[in-house]
Each structure stands twice: as structure tokens, then as C-alpha cells.
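Chemist: So that you have it, the file is my_file.cif, and it contains mmCIF, C-alpha atoms:
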```
data_query
#
loop_
_atom_site.label_atom_id
_atom_site.label_comp_id
_atom_site.auth_asym_id
_atom_site.auth_seq_id
_atom_site.Cartn_x
_atom_site.Cartn_y
_atom_site.Cartn_z
CA MET A 1 101.04 -103.13 67.99
CA PRO A 2 99.68 -100.69 65.38
CA GLU A 3 96.19 -101.16 64.09
CA MET A 4 95.64 -103.31 60.99
CA SER A 5 94.40 -100.42 58.83
CA ALA A 6 97.71 -98.60 59.33
CA VAL A 7 99.69 -101.73 58.44
CA SER A 8 97.69 -102.25 55.26
CA GLU A 9 98.70 -98.81 53.97
CA THR A 10 102.45 -99.32 54.46
CA GLU A 11 103.00 -102.96 53.48
CA PRO A 12 103.29 -103.65 49.72
CA GLY A 13 100.55 -105.78 48.29
CA ALA A 14 98.45 -105.48 51.44
CA ARG A 15 94.72 -105.05 51.38
CA SER A 16 93.19 -101.59 51.62
CA GLY A 17 92.48 -100.02 55.00
CA ALA A 18 88.74 -100.26 54.42
CA ALA A 19 88.95 -103.98 53.78
CA SER A 20 90.96 -104.66 56.92
CA SER A 21 89.05 -102.39 59.29
CA SER A 22 86.30 -104.90 59.98
CA PRO A 23 88.39 -107.69 61.53
CA SER A 24 90.46 -105.08 63.39
CA ALA A 25 87.31 -103.51 64.84
CA ALA A 26 85.95 -106.92 65.82
CA ARG A 27 89.21 -107.84 67.53
CA PHE A 28 89.35 -104.51 69.35
CA LEU A 29 85.76 -104.85 70.54
CA LYS A 30 86.50 -108.34 71.83
CA GLN A 31 89.55 -107.13 73.75
CA ASN A 32 87.66 -104.17 75.24
CA LEU A 33 84.33 -105.90 75.77
CA ARG A 34 84.04 -104.77 79.40
CA GLU A 35 84.42 -101.06 78.62
CA TYR A 36 82.07 -101.02 75.64
CA GLY A 37 79.67 -103.47 77.25
CA MET A 38 78.96 -101.17 80.20
CA LEU A 39 78.29 -98.15 77.99
CA LEU A 40 75.99 -100.17 75.74
CA SER A 41 74.28 -101.60 78.83
CA LEU A 42 73.55 -98.09 80.14
CA ILE A 43 72.12 -97.06 76.77
CA ALA A 44 70.03 -100.24 76.60
CA ILE A 45 68.69 -99.76 80.14
CA MET A 46 67.79 -96.14 79.43
CA GLY A 47 66.08 -97.17 76.19
CA PHE A 48 64.15 -99.91 77.97
CA PHE A 49 62.83 -97.62 80.72
CA GLN A 50 62.17 -94.83 78.21
CA VAL A 51 59.81 -97.19 76.38
CA MET A 52 58.31 -98.75 79.51
CA THR A 53 57.63 -95.35 81.11
CA GLU A 54 56.17 -94.00 77.87
CA GLY A 55 58.79 -91.30 77.54
CA THR A 56 58.79 -90.13 81.16
CA LEU A 57 62.40 -91.14 81.87
CA LEU A 58 64.01 -88.62 79.51
CA GLN A 59 61.65 -85.75 80.10
CA PRO A 60 63.65 -82.62 81.05
CA LEU A 61 62.30 -82.48 84.61
CA ASN A 62 62.96 -86.17 85.31
CA LEU A 63 66.37 -86.06 83.62
CA THR A 64 67.39 -83.14 85.85
CA ASN A 65 66.14 -85.02 88.91
CA LEU A 66 68.09 -88.08 87.79
CA VAL A 67 71.31 -86.04 87.79
CA LEU A 68 70.56 -84.47 91.17
CA GLN A 69 69.57 -87.79 92.77
CA ASN A 70 72.79 -89.50 91.71
CA SER A 71 75.26 -86.64 92.12
CA TYR A 72 76.47 -87.67 95.57
CA ILE A 73 76.76 -91.32 94.51
CA VAL A 74 78.92 -90.36 91.53
CA ILE A 75 81.13 -88.13 93.69
CA MET A 76 81.74 -90.91 96.23
CA ALA A 77 82.20 -93.51 93.48
CA LEU A 78 85.25 -91.60 92.21
CA GLY A 79 86.92 -91.93 95.60
CA MET A 80 85.74 -95.50 96.12
CA LEU A 81 87.22 -96.50 92.78
CA LEU A 82 90.72 -95.56 93.96
CA VAL A 83 90.19 -97.42 97.23
CA ILE A 84 89.03 -100.56 95.42
CA VAL A 85 91.77 -100.33 92.78
CA SER A 86 94.35 -100.14 95.59
CA GLY A 87 92.97 -103.42 96.97
CA HIS A 88 90.81 -102.13 99.83
CA ILE A 89 87.18 -101.26 100.59
CA ASP A 90 85.42 -98.50 102.55
CA LEU A 91 82.11 -99.34 104.20
CA SER A 92 81.91 -96.09 106.16
CA VAL A 93 81.22 -93.64 103.33
CA GLY A 94 77.46 -93.53 103.93
CA SER A 95 77.86 -92.80 107.63
CA VAL A 96 80.60 -90.22 106.96
CA CYS A 97 78.31 -88.57 104.42
CA GLY A 98 75.50 -88.36 107.00
CA PHE A 99 77.85 -87.17 109.75
CA ILE A 100 79.25 -84.35 107.61
CA GLY A 101 75.71 -83.26 106.73
CA ALA A 102 74.91 -83.15 110.43
CA LEU A 103 78.09 -81.16 111.14
CA ALA A 104 77.21 -78.68 108.39
CA ALA A 105 73.70 -78.26 109.83
CA VAL A 106 75.02 -77.60 113.33
CA LEU A 107 77.55 -75.03 112.08
CA MET A 108 75.27 -73.17 109.67
CA VAL A 109 71.86 -73.47 111.31
CA GLU A 110 72.56 -73.59 115.04
CA TYR A 111 75.78 -71.54 115.18
CA GLY A 112 75.03 -69.23 112.24
CA TRP A 113 78.29 -69.79 110.34
CA HIS A 114 78.64 -68.58 106.76
CA PHE A 115 78.37 -71.50 104.37
CA LEU A 116 81.90 -71.10 102.92
CA PRO A 117 83.93 -71.55 106.16
CA ALA A 118 81.43 -74.18 107.32
CA ALA A 119 81.89 -76.14 104.08
CA LEU A 120 85.67 -75.83 104.36
CA VAL A 121 85.61 -77.16 107.93
CA CYS A 122 83.42 -80.06 106.78
CA LEU A 123 85.82 -80.97 103.96
CA VAL A 124 88.77 -80.87 106.37
CA ALA A 125 86.81 -83.04 108.82
CA GLY A 126 86.20 -85.55 106.02
CA GLY A 127 89.92 -85.63 105.25
CA VAL A 128 90.74 -86.18 108.94
CA ILE A 129 88.24 -89.04 109.11
CA GLY A 130 89.76 -90.65 106.03
CA ALA A 131 93.24 -90.16 107.46
CA ALA A 132 92.29 -91.83 110.76
CA GLN A 133 90.87 -94.87 109.01
CA GLY A 134 93.69 -94.97 106.46
CA TRP A 135 96.26 -94.92 109.25
CA PHE A 136 94.88 -98.11 110.76
CA VAL A 137 94.65 -99.79 107.37
CA ALA A 138 98.00 -98.71 105.92
CA TYR A 139 100.30 -98.69 108.93
CA PHE A 140 98.66 -101.04 111.44
CA LYS A 141 97.73 -103.51 108.69
CA ILE A 142 94.19 -103.94 110.01
CA PRO A 143 91.89 -105.12 107.19
CA SER A 144 90.00 -102.23 105.66
CA PHE A 145 86.75 -104.16 105.94
CA ILE A 146 87.05 -104.20 109.75
CA VAL A 147 88.29 -100.62 110.11
CA THR A 148 85.60 -99.09 107.93
CA LEU A 149 82.88 -101.30 109.38
CA ALA A 150 83.81 -99.85 112.77
CA GLY A 151 83.84 -96.38 111.21
CA MET A 152 80.36 -96.94 109.81
CA LEU A 153 79.03 -97.57 113.31
CA VAL A 154 81.07 -94.78 114.93
CA PHE A 155 80.02 -91.99 112.56
CA LYS A 156 76.43 -93.13 112.44
CA GLY A 157 76.39 -92.75 116.21
CA LEU A 158 78.16 -89.39 116.10
CA ALA A 159 75.61 -88.07 113.59
CA LEU A 160 72.82 -89.07 115.96
CA ALA A 161 74.63 -87.36 118.82
CA LEU A 162 75.19 -84.13 116.85
CA LEU A 163 71.56 -83.91 115.76
CA GLN A 164 70.24 -85.23 119.09
CA GLY A 165 67.95 -87.55 117.15
CA GLN A 166 66.16 -84.70 115.33
CA SER A 167 66.29 -83.14 111.87
CA VAL A 168 68.06 -79.76 111.67
CA GLY A 169 67.34 -77.19 108.96
CA PRO A 170 66.70 -75.33 106.76
CA PHE A 171 70.05 -74.31 105.32
CA PRO A 172 70.87 -70.83 103.98
CA GLU A 173 69.66 -70.24 100.42
CA GLU A 174 73.22 -69.75 99.15
CA PHE A 175 74.20 -73.20 100.41
CA GLN A 176 71.10 -74.81 98.88
CA LYS A 177 72.26 -73.69 95.43
CA LEU A 178 75.13 -76.19 95.69
CA SER A 179 72.64 -78.91 94.80
CA SER A 180 69.44 -77.17 93.72
CA GLY A 181 70.95 -74.25 91.77
CA PHE A 182 71.44 -73.99 88.01
CA ILE A 183 73.95 -72.27 85.75
CA PRO A 184 72.68 -68.73 85.07
CA ASP A 185 71.68 -68.02 81.50
CA LEU A 186 73.82 -65.13 80.28
CA LEU A 187 71.85 -64.94 77.02
CA ASP A 188 68.47 -64.46 78.74
CA GLY A 189 66.61 -67.17 76.85
CA SER A 190 62.89 -67.34 77.56
CA GLU A 191 62.20 -70.99 76.75
CA MET A 192 65.72 -72.27 76.17
CA ARG A 193 68.75 -71.78 78.46
CA TRP A 194 71.19 -71.07 75.64
CA THR A 195 74.22 -70.75 77.91
CA SER A 196 73.74 -74.30 79.19
CA LEU A 197 73.18 -75.64 75.67
CA LEU A 198 76.27 -73.92 74.27
CA LEU A 199 78.32 -75.13 77.21
CA GLY A 200 77.16 -78.70 76.56
CA VAL A 201 78.09 -78.41 72.86
CA ALA A 202 81.51 -76.97 73.77
CA VAL A 203 82.20 -79.82 76.19
CA ALA A 204 81.20 -82.42 73.58
CA LEU A 205 83.54 -80.87 71.00
CA ALA A 206 86.37 -80.56 73.54
CA ILE A 207 86.07 -84.23 74.54
CA ALA A 208 86.15 -85.30 70.89
CA ALA A 209 89.21 -83.10 70.22
CA VAL A 210 91.08 -84.47 73.23
CA ALA A 211 90.25 -88.04 72.20
CA TRP A 212 91.51 -87.39 68.66
CA ARG A 213 94.73 -85.84 69.95
CA GLU A 214 95.28 -88.74 72.34
CA ARG A 215 94.75 -91.25 69.55
CA GLY A 216 97.27 -89.42 67.37
CA ARG A 217 99.82 -89.43 70.20
CA HIS A 218 99.40 -93.17 70.68
CA LYS A 219 99.85 -93.83 66.96
CA LEU A 220 102.98 -91.66 66.94
CA HIS A 221 104.53 -93.87 69.61
CA GLY A 222 103.55 -97.09 67.87
CA MET A 223 100.84 -98.04 70.36
CA GLU A 224 97.73 -99.97 69.38
CA VAL A 225 94.80 -97.63 68.85
CA GLU A 226 91.10 -97.98 68.30
CA PRO A 227 90.17 -98.64 64.64
CA THR A 228 89.21 -95.45 62.81
CA VAL A 229 85.66 -96.53 62.01
CA LEU A 230 85.00 -97.54 65.61
CA PHE A 231 86.68 -94.42 66.97
CA VAL A 232 84.64 -92.05 64.81
CA ALA A 233 81.38 -93.91 65.49
CA ARG A 234 81.94 -93.97 69.25
CA ASN A 235 82.92 -90.33 69.60
CA THR A 236 80.17 -89.13 67.26
CA ALA A 237 77.55 -91.06 69.21
CA PHE A 238 78.94 -89.84 72.54
CA ALA A 239 78.98 -86.20 71.39
CA ALA A 240 75.43 -86.54 70.04
CA ILE A 241 74.22 -87.95 73.36
CA LEU A 242 75.89 -85.11 75.31
CA VAL A 243 74.35 -82.46 73.06
CA ALA A 244 70.92 -84.11 73.24
CA LEU A 245 71.03 -84.33 77.04
CA SER A 246 72.22 -80.71 77.23
CA TRP A 247 69.34 -79.64 74.98
CA LEU A 248 66.81 -81.48 77.14
CA MET A 249 68.07 -79.92 80.37
CA ALA A 250 68.46 -76.51 78.74
CA SER A 251 64.78 -76.63 77.81
CA TYR A 252 63.94 -76.89 81.55
CA LYS A 253 66.18 -74.87 83.87
CA GLY A 254 69.61 -75.50 82.38
CA LEU A 255 72.58 -77.45 83.67
CA PRO A 256 72.60 -77.96 87.48
CA ASN A 257 75.52 -76.53 89.44
CA VAL A 258 76.29 -79.96 90.86
CA LEU A 259 76.68 -81.34 87.33
CA VAL A 260 79.54 -78.89 86.79
CA ILE A 261 81.16 -80.11 90.02
CA MET A 262 80.76 -83.73 88.91
CA PHE A 263 82.25 -83.01 85.50
CA VAL A 264 85.29 -81.21 86.94
CA LEU A 265 85.89 -84.10 89.33
CA MET A 266 85.55 -86.69 86.57
CA VAL A 267 88.06 -84.87 84.36
CA ALA A 268 90.48 -84.43 87.27
CA TYR A 269 90.33 -88.07 88.36
CA GLU A 270 90.53 -89.35 84.79
CA PHE A 271 93.70 -87.29 84.38
CA VAL A 272 95.17 -88.50 87.68
CA THR A 273 94.50 -92.18 87.01
CA SER A 274 95.63 -92.21 83.39
CA ARG A 275 98.32 -89.55 83.10
CA THR A 276 100.15 -89.26 86.42
CA THR A 277 102.71 -91.34 88.26
CA ILE A 278 100.59 -91.58 91.40
CA GLY A 279 97.72 -92.98 89.34
CA ARG A 280 99.90 -95.72 87.85
CA ARG A 281 101.26 -96.51 91.30
CA ILE A 282 97.75 -96.98 92.72
CA TYR A 283 97.05 -99.57 90.01
CA ALA A 284 100.39 -101.24 90.72
CA LEU A 285 99.55 -101.34 94.43
CA GLY A 286 96.27 -103.12 93.79
CA GLY A 287 97.74 -105.44 91.18
CA ASN A 288 100.56 -106.75 93.36
CA GLU A 289 101.40 -104.96 96.59
CA LYS A 290 104.60 -106.91 97.23
CA ALA A 291 105.96 -106.23 93.76
CA ALA A 292 105.00 -102.56 94.07
CA ARG A 293 106.87 -102.30 97.37
CA LEU A 294 109.96 -103.99 95.93
CA SER A 295 109.91 -101.57 92.99
CA GLY A 296 110.28 -98.65 95.40
CA ILE A 297 106.67 -97.53 95.77
CA LYS A 298 105.76 -96.40 99.29
CA THR A 299 102.68 -98.58 99.47
CA GLU A 300 101.66 -97.57 103.00
CA ARG A 301 101.59 -93.88 102.18
CA LEU A 302 99.75 -94.54 98.93
CA ALA A 303 97.02 -96.58 100.64
CA PHE A 304 96.79 -93.91 103.33
CA MET A 305 96.24 -91.18 100.73
CA THR A 306 93.46 -93.11 98.97
CA PHE A 307 91.50 -93.15 102.25
CA VAL A 308 92.15 -89.43 102.83
CA ASN A 309 90.84 -88.75 99.34
CA MET A 310 87.80 -90.93 100.02
CA GLY A 311 87.07 -89.00 103.20
CA VAL A 312 87.15 -85.64 101.43
CA LEU A 313 84.85 -86.84 98.65
CA ALA A 314 82.46 -88.40 101.17
CA ALA A 315 82.36 -85.02 102.93
CA LEU A 316 81.63 -83.23 99.64
CA ALA A 317 78.87 -85.73 98.91
CA GLY A 318 77.47 -85.12 102.40
CA LEU A 319 77.30 -81.39 101.70
CA VAL A 320 75.60 -81.97 98.33
CA PHE A 321 73.07 -84.37 99.86
CA ALA A 322 72.30 -82.03 102.77
CA ALA A 323 71.85 -79.09 100.37
CA ARG A 324 69.47 -81.16 98.25
CA LEU A 325 67.33 -82.18 101.24
CA ASN A 326 67.65 -78.70 102.78
CA THR A 327 67.94 -80.43 106.14
CA ALA A 328 70.17 -82.86 108.01
CA THR A 329 68.48 -86.02 109.25
CA PRO A 330 69.76 -88.81 111.53
CA LYS A 331 69.15 -91.37 108.76
CA ALA A 332 71.03 -89.47 106.05
CA GLY A 333 73.53 -91.64 104.18
CA LEU A 334 71.84 -94.90 105.13
CA GLY A 335 72.80 -97.53 102.55
CA PHE A 336 74.83 -95.14 100.40
CA GLU A 337 77.92 -97.32 100.74
CA LEU A 338 76.12 -100.19 99.00
CA ASP A 339 75.19 -98.05 95.99
CA VAL A 340 78.69 -96.58 95.78
CA ILE A 341 80.46 -99.95 95.95
CA ALA A 342 77.96 -101.46 93.52
CA ALA A 343 78.58 -98.59 91.07
CA CYS A 344 82.31 -99.35 91.03
CA PHE A 345 81.89 -103.09 90.57
CA ILE A 346 79.18 -102.72 87.93
CA GLY A 347 81.46 -100.22 86.17
CA GLY A 348 84.18 -102.84 85.78
CA ALA A 349 86.34 -102.51 88.92
CA SER A 350 87.82 -105.79 90.09
CA ALA A 351 87.15 -107.06 93.59
CA SER A 352 90.78 -108.16 93.80
CA GLY A 353 92.14 -104.69 93.02
CA GLY A 354 94.29 -103.28 90.24
CA VAL A 355 91.47 -102.91 87.68
CA GLY A 356 88.93 -100.14 87.17
CA ARG A 357 88.33 -96.90 85.31
CA VAL A 358 86.84 -93.56 86.26
CA MET A 359 84.30 -93.53 83.44
CA GLY A 360 83.35 -97.09 84.32
CA ALA A 361 82.50 -96.06 87.89
CA VAL A 362 80.47 -93.10 86.60
CA ILE A 363 78.60 -95.33 84.16
CA GLY A 364 77.99 -97.85 86.94
CA ALA A 365 76.56 -95.12 89.16
CA PHE A 366 74.15 -94.02 86.45
CA VAL A 367 73.18 -97.63 85.71
CA MET A 368 72.07 -97.92 89.33
CA GLY A 369 70.44 -94.48 89.21
CA VAL A 370 68.48 -95.14 86.02
CA MET A 371 67.30 -98.48 87.39
CA ASN A 372 66.15 -96.86 90.65
CA ASN A 373 64.41 -94.03 88.84
CA GLY A 374 62.82 -96.19 86.17
CA MET A 375 61.54 -98.81 88.60
CA SER A 376 60.09 -96.08 90.83
CA ILE A 377 58.25 -94.55 87.89
CA LEU A 378 56.86 -97.99 87.00
CA GLY A 379 55.63 -98.41 90.57
CA ILE A 380 57.87 -101.37 91.43
CA GLY A 381 58.11 -101.77 95.19
CA ILE A 382 61.30 -101.14 97.12
CA ASP A 383 61.46 -104.83 97.99
CA TYR A 384 61.75 -105.96 94.38
CA GLN A 385 64.02 -103.03 93.57
CA GLN A 386 66.53 -104.32 96.12
CA VAL A 387 66.29 -107.84 94.67
CA ILE A 388 66.93 -106.62 91.13
CA LYS A 389 69.84 -104.39 92.16
CA GLY A 390 71.40 -107.26 94.09
CA LEU A 391 71.16 -109.57 91.08
CA VAL A 392 72.71 -106.92 88.82
CA LEU A 393 75.63 -106.51 91.24
CA LEU A 394 76.12 -110.28 91.45
CA ALA A 395 76.08 -110.55 87.67
CA ALA A 396 78.72 -107.81 87.36
CA VAL A 397 81.05 -109.57 89.81
CA CYS A 398 80.49 -112.89 88.03
CA VAL A 399 81.52 -111.29 84.74
CA ASP A 400 84.66 -109.93 86.43
CA VAL A 401 85.56 -113.36 87.82
CA TYR A 402 84.88 -115.00 84.46
CA ASN A 403 87.12 -112.56 82.61
CA LYS A 404 89.88 -112.99 85.20
CA ASN A 405 89.80 -116.79 85.00
CA LYS A 406 89.64 -116.67 81.22
#
```
Translate this file's structure into C-alpha cells.
Modeler:
Amino acid sequence: MPEMSAVSETEPGARSGAASSSPSAARFLKQNLREYGMLLSLIAIMGFFQVMTEGTLLQPLNLTNLVLQNSYIVIMALGMLLVIVSGHIDLSVGSVCGFIGALAAVLMVEYGWHFLPAALVCLVAGGVIGAAQGWFVAYFKIPSFIVTLAGMLVFKGLALALLQGQSVGPFPEEFQKLSSGFIPDLLDGSEMRWTSLLLGVAVALAIAAVAWRERGRHKLHGMEVEPTVLFVARNTAFAAILVALSWLMASYKGLPNVLVIMFVLMVAYEFVTSRTTIGRRIYALGGNEKAARLSGIKTERLAFMTFVNMGVLAALAGLVFAARLNTATPKAGLGFELDVIAACFIGGASASGGVGRVMGAVIGAFVMGVMNNGMSILGIGIDYQQVIKGLVLLAAVCVDVYNKNK
């Protein structure tokens, strides 16, 4: 159904678009409360900790650390979102992440491999692990909770065996740049990394242009679109936030390399989930597997591929985490699965499958990251941090159940 402002311009005797935009915006906000609510929640949480920490949260150094600390969670959350949307769960991602880090350490440190073939082998190993678990889930119909719980124990043990209970490192300097490196400044700025700032501005403008084009395409096909006032306000605020964050990081060392990797992955997965046939089929699989199968979708193969994808992303996250620590430890990846799953649910994914968005998972990951970082700065103990994070996760699931029942 077209938006009310458009109707008012074509119907004789109708009110002006400006007069009708308010109720249309209110109705649209009500219908999309989950999406807007999470973004506003992230902004509110950041504002709260910015005040409570007396400005420490958004200092360039801490902001850069915030991105680096949550990069591997965001990467795994993208894969976990597809698994959850398809109606499954993966509890093994933390152990797989730690195992891949251990494998990378053995190949690069003990056997002297170059980091490129070693990283490629690690990514392939992650895909094989995901395929093995996906095979049991998709074709043997074993519940994913059981399969991945077993995988969590198996790969935690294999990581211990590979490292022989000891930390292995350091990694080659080239590999460390995967997580600790920054985009080089081609303009040779002394106090400001102009290349990073200009790149951030370009990305903000590109996102706004794509959003405007998408809105125009929807209107052309008679689809309901976001009211103009709300659309302009949202995209202007989002672009301003991106430019401000880019300016802050550019005033330190610039944009981290891992941020570029995260952005490319977010764009790719947003495209896959919203623009491709396989993306729509994953949502159909989670919404109603029997109906999806009867409509001709090969549900087993689709579920299998979501676990393969999860394995590859868990391997990539393992490489990023190992590069950040500059060593592989037996306890690497411990508890990561909880943060990754929580990020998806907080970001609006439904526990019953079929619902969830890429940007929601990313926002959920940063909600958890900002809370961790802010509470650490305030000196809140790890015990109370776990309590607060658990309550936030429970609240997010309660909201999902409430919306579903409503």
C-alpha cells in the first residue's frame, strides 16, 4: 500500500502531504518498532555510558578498541543469524574459533607457513567443520542443539591437543595486521588520517544514495515505503553518525583493517538476505519448513549450507581473534557462542526461526560490546556484568515472544 503522503497528492480534495505525514510516520514507526527500537537502544546505551564514563567511551582510542574487541563477534553473528533464521542453533562457534586459532598458530609458528596459505587452509577447515555438523543436522535430522553441543566439546578438546595445553605465538607481523593494522593514509596527514575520513564520508553518501534508490524502486512498484520525513531524518542521522565516528577514528590511527572486512561482509550478507533467491528461501525454511519443502525448496541442502557458511565465518573470526592476541591460547573462544547468539536475539532474530535482519544482528553485537566496554570502564565486576547481560538477553526474547503473540 502506498504511503499516505503520496495518496494525498493524487486524490482530489485530499489533505496536503505535509498534513498527512505525521499519522503515516506514527503508523510506520509502530509497525517497525523492533527495527527502530534496537537502533535507538544502541544510541541510548552509548549516550548513557558516554555520560557515566565522563566522555571516555567515545574517545578515539577507546572507540578503536571497541571495534577491534567486537570484530570477531560481529563476523560470527552474521553466520549465526542465518542459522537461527533457518530454525537451528550453533553452540560450537566459540570452540571452532579457538580451534582454528590453534591450527593457525601451529601452521605459522611451529611449521613456518606463510600466513596466506595458512589462512586459506584454516578457512577450508572451518567450512569442513560446518559441513560435518550440517550433515548430521540436515540429513540425519539430529537436533542442531545436540550436534553443536557435541561439536563444542570436540573442538575444545582438539584445540587443547593441538596446543598441548600451552600458548603458541607470536604470529608473523603481516598476519597481525589482519586485526591490529590500519588503512594506510595516502594523503600523509600528520594529525588526521584523511584517507580514512574521506572513505567514511564516501561510505555514508553511498549508503544514503542506495537507500534513496531502493525507496524509489519500491514506490515505482506500488509498495509501501517509509514516510519522507522519517526517511530523510533517519538517513541524515545515520550518515552524520558514520562521519562522526570516522572523524574520531581518523584522528587516532584511522580505520582498522578489520573494520573494512566487517563492512564488506555486512554489505554482502545484507544483499544475500534481501535481494537473492537463496536468502528468501532461508527465511521460508525457518518460517515453515514443511511448506518450504512442498513448494520445491531443497530444505536439507539449504540447512546444510547455512552450517557450512557458519563454519567459514567462525574460522575467519578465529583468525581475527588470534591476530589480535598475537598468540593462540587453549582458552580462546571460551563463551563466544553466548555473545554471538545473544547478539542475534537482541538484534531482533526470533527463537522460532524465520525472522531476523543482518543490521539487527550487527546492532545487537555492538549493544553487547558497548555494555561490556562501558561497564569495564566503570569498574563493574565481571559477576554483575554477566547478570546484566543475561537480563538484557531475557528481555529481548520476551519482547520477541510478546510481538509474536500479539
Chemist: For stretch 183-193 of chain A, list every protein, DNA or RNA residue within 8 Å, evaluated using only C-alpha atoms, and leave out those in the same chain fewer than 5 positions away; present the list as a list in words.
Modeler: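 So, after excluding close chain neighbours, the residues are Ala250, Ser251, Tyr252, Lys253, Gly254, Leu255, Pro256 and Asn257 of chain A.
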Chemist: Could you please determine the separation between atom CA of A:Thr327 and atom CA of A:Val168 in Å, to one decimal place?
Modeler: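 So the answer is 5.6 Å.
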Chemist: Which one is closest to A:Ala77: A:Leu116, A:Val203, A:Met152, A:Ile89? Count all atoms listed in the file.
Modeler: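 Using all atoms listed in the file, the shortest distance to A:Ala77 belongs to A:Ile89.
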Chemist: Which one is closest to A:Leu334: A:Val85, A:Leu153, A:Cys398, A:Val51? Count only C-alpha atoms.
Modeler: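 With only C-alpha atoms as the atom set, the closest residue is A:Leu153.
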Chemist: I need the residue nearest A:Glu214 from this list: A:Ser274, A:Thr148, A:Asn326, A:Asn372. Use all atoms listed in the file for the distance.
Modeler: A:Ser274
Chemist: Between A:Arg215, A:Leu162, A:Glu300, A:Phe136, which one has atoms that come closest to A:Glu110, using all atoms listed in the file?
Modeler: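 Closest candidate: A:Leu162.
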Chemist: Mind telling me what the PyMOL selection byres ((chain A and resi 142-145) around 12) catches here, as a PyMOL selection string?
Modeler: chain A and resi 83-84+86-92+130+132-141+146-152+303-304+306-307
Chemist: Where does the PyMOL selection byres ((chain A and resi 49) around 12) land in this file, that is, which residues does it pick, as a PyMOL selection string?
Modeler: chain A and resi 42-48+50-59+367+369-378
Chemist: Just how far from atom CA of A:Val93 is atom CA of A:Leu393, in Å to one decimal?
Modeler: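 Taking atom CA of A:Leu393 and atom CA of A:Val93, their separation equals 18.5 Å.
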Chemist: Decode the PyMOL selection byres ((chain A and resi 320) around 12) for the given file into explicit residues and return them as JSON, numbers by chain.
Modeler: {"A": [68, 69, 70, 71, 72, 73, 74, 75, 76, 97, 98, 100, 101, 104, 119, 122, 123, 171, 175, 176, 177, 178, 179, 180, 181, 256, 257, 258, 259, 261, 262, 313, 314, 315, 316, 317, 318, 319, 321, 322, 323, 324, 325, 326, 327, 328, 332, 333]}
Chemist: Just the residues within 10 Å of A:Lys331, please, counting all atoms listed in the file, with nothing from its chain fewer than 2 positions along; format it as a ChimeraX atom specification.
Modeler: /A:94-95,98-99,156,159-160,165-167,328-329,333-335
Chemist: Considering all atoms listed in the file, can you say which of A:Lys298, A:Glu174, A:Glu337, A:Tyr269 comes closest to A:Ala284?
Modeler: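 Among the listed residues, the smallest separation from A:Ala284 belongs to A:Lys298.
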Chemist: What's the separation between atom CA of A:Leu82 and atom CA of A:Leu302, in Å to one decimal place?
Modeler: 10.4 Å
Chemist: Scan for residues within 10 Å of the point (79.9, -107.7, 88.7) in the coordinates of the file, using only C-alpha atoms, and reply as a PDB file with C-alpha atoms, keeping the file's coordinate frame.
Modeler:
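Once everything was written out, this is result27.pdb:
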```
ATOM      1  CA  ALA A 342      77.960-101.460  93.520  1.00  0.00           C
ATOM      2  CA  ALA A 343      78.580 -98.590  91.070  1.00  0.00           C
ATOM      3  CA  CYS A 344      82.310 -99.350  91.030  1.00  0.00           C
ATOM      4  CA  PHE A 345      81.890-103.090  90.570  1.00  0.00           C
ATOM      5  CA  ILE A 346      79.180-102.720  87.930  1.00  0.00           C
ATOM      6  CA  GLY A 347      81.460-100.220  86.170  1.00  0.00           C
ATOM      7  CA  GLY A 348      84.180-102.840  85.780  1.00  0.00           C
ATOM      8  CA  ALA A 349      86.340-102.510  88.920  1.00  0.00           C
ATOM      9  CA  SER A 350      87.820-105.790  90.090  1.00  0.00           C
ATOM     10  CA  ALA A 351      87.150-107.060  93.590  1.00  0.00           C
ATOM     11  CA  LEU A 391      71.160-109.570  91.080  1.00  0.00           C
ATOM     12  CA  VAL A 392      72.710-106.920  88.820  1.00  0.00           C
ATOM     13  CA  LEU A 393      75.630-106.510  91.240  1.00  0.00           C
ATOM     14  CA  LEU A 394      76.120-110.280  91.450  1.00  0.00           C
ATOM     15  CA  ALA A 395      76.080-110.550  87.670  1.00  0.00           C
ATOM     16  CA  ALA A 396      78.720-107.810  87.360  1.00  0.00           C
ATOM     17  CA  VAL A 397      81.050-109.570  89.810  1.00  0.00           C
ATOM     18  CA  CYS A 398      80.490-112.890  88.030  1.00  0.00           C
ATOM     19  CA  VAL A 399      81.520-111.290  84.740  1.00  0.00           C
ATOM     20  CA  ASP A 400      84.660-109.930  86.430  1.00  0.00           C
ATOM     21  CA  VAL A 401      85.560-113.360  87.820  1.00  0.00           C
ATOM     22  CA  TYR A 402      84.880-115.000  84.460  1.00  0.00           C
TER      23      TYR A 402
END
```
Chemist: Hey, which of A:Ala209, A:Leu245, A:Met223, A:Ala131 ends up closest to A:Val67? Count only C-alpha atoms.
Modeler: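 Closest residue, counting only C-alpha atoms: A:Leu245.
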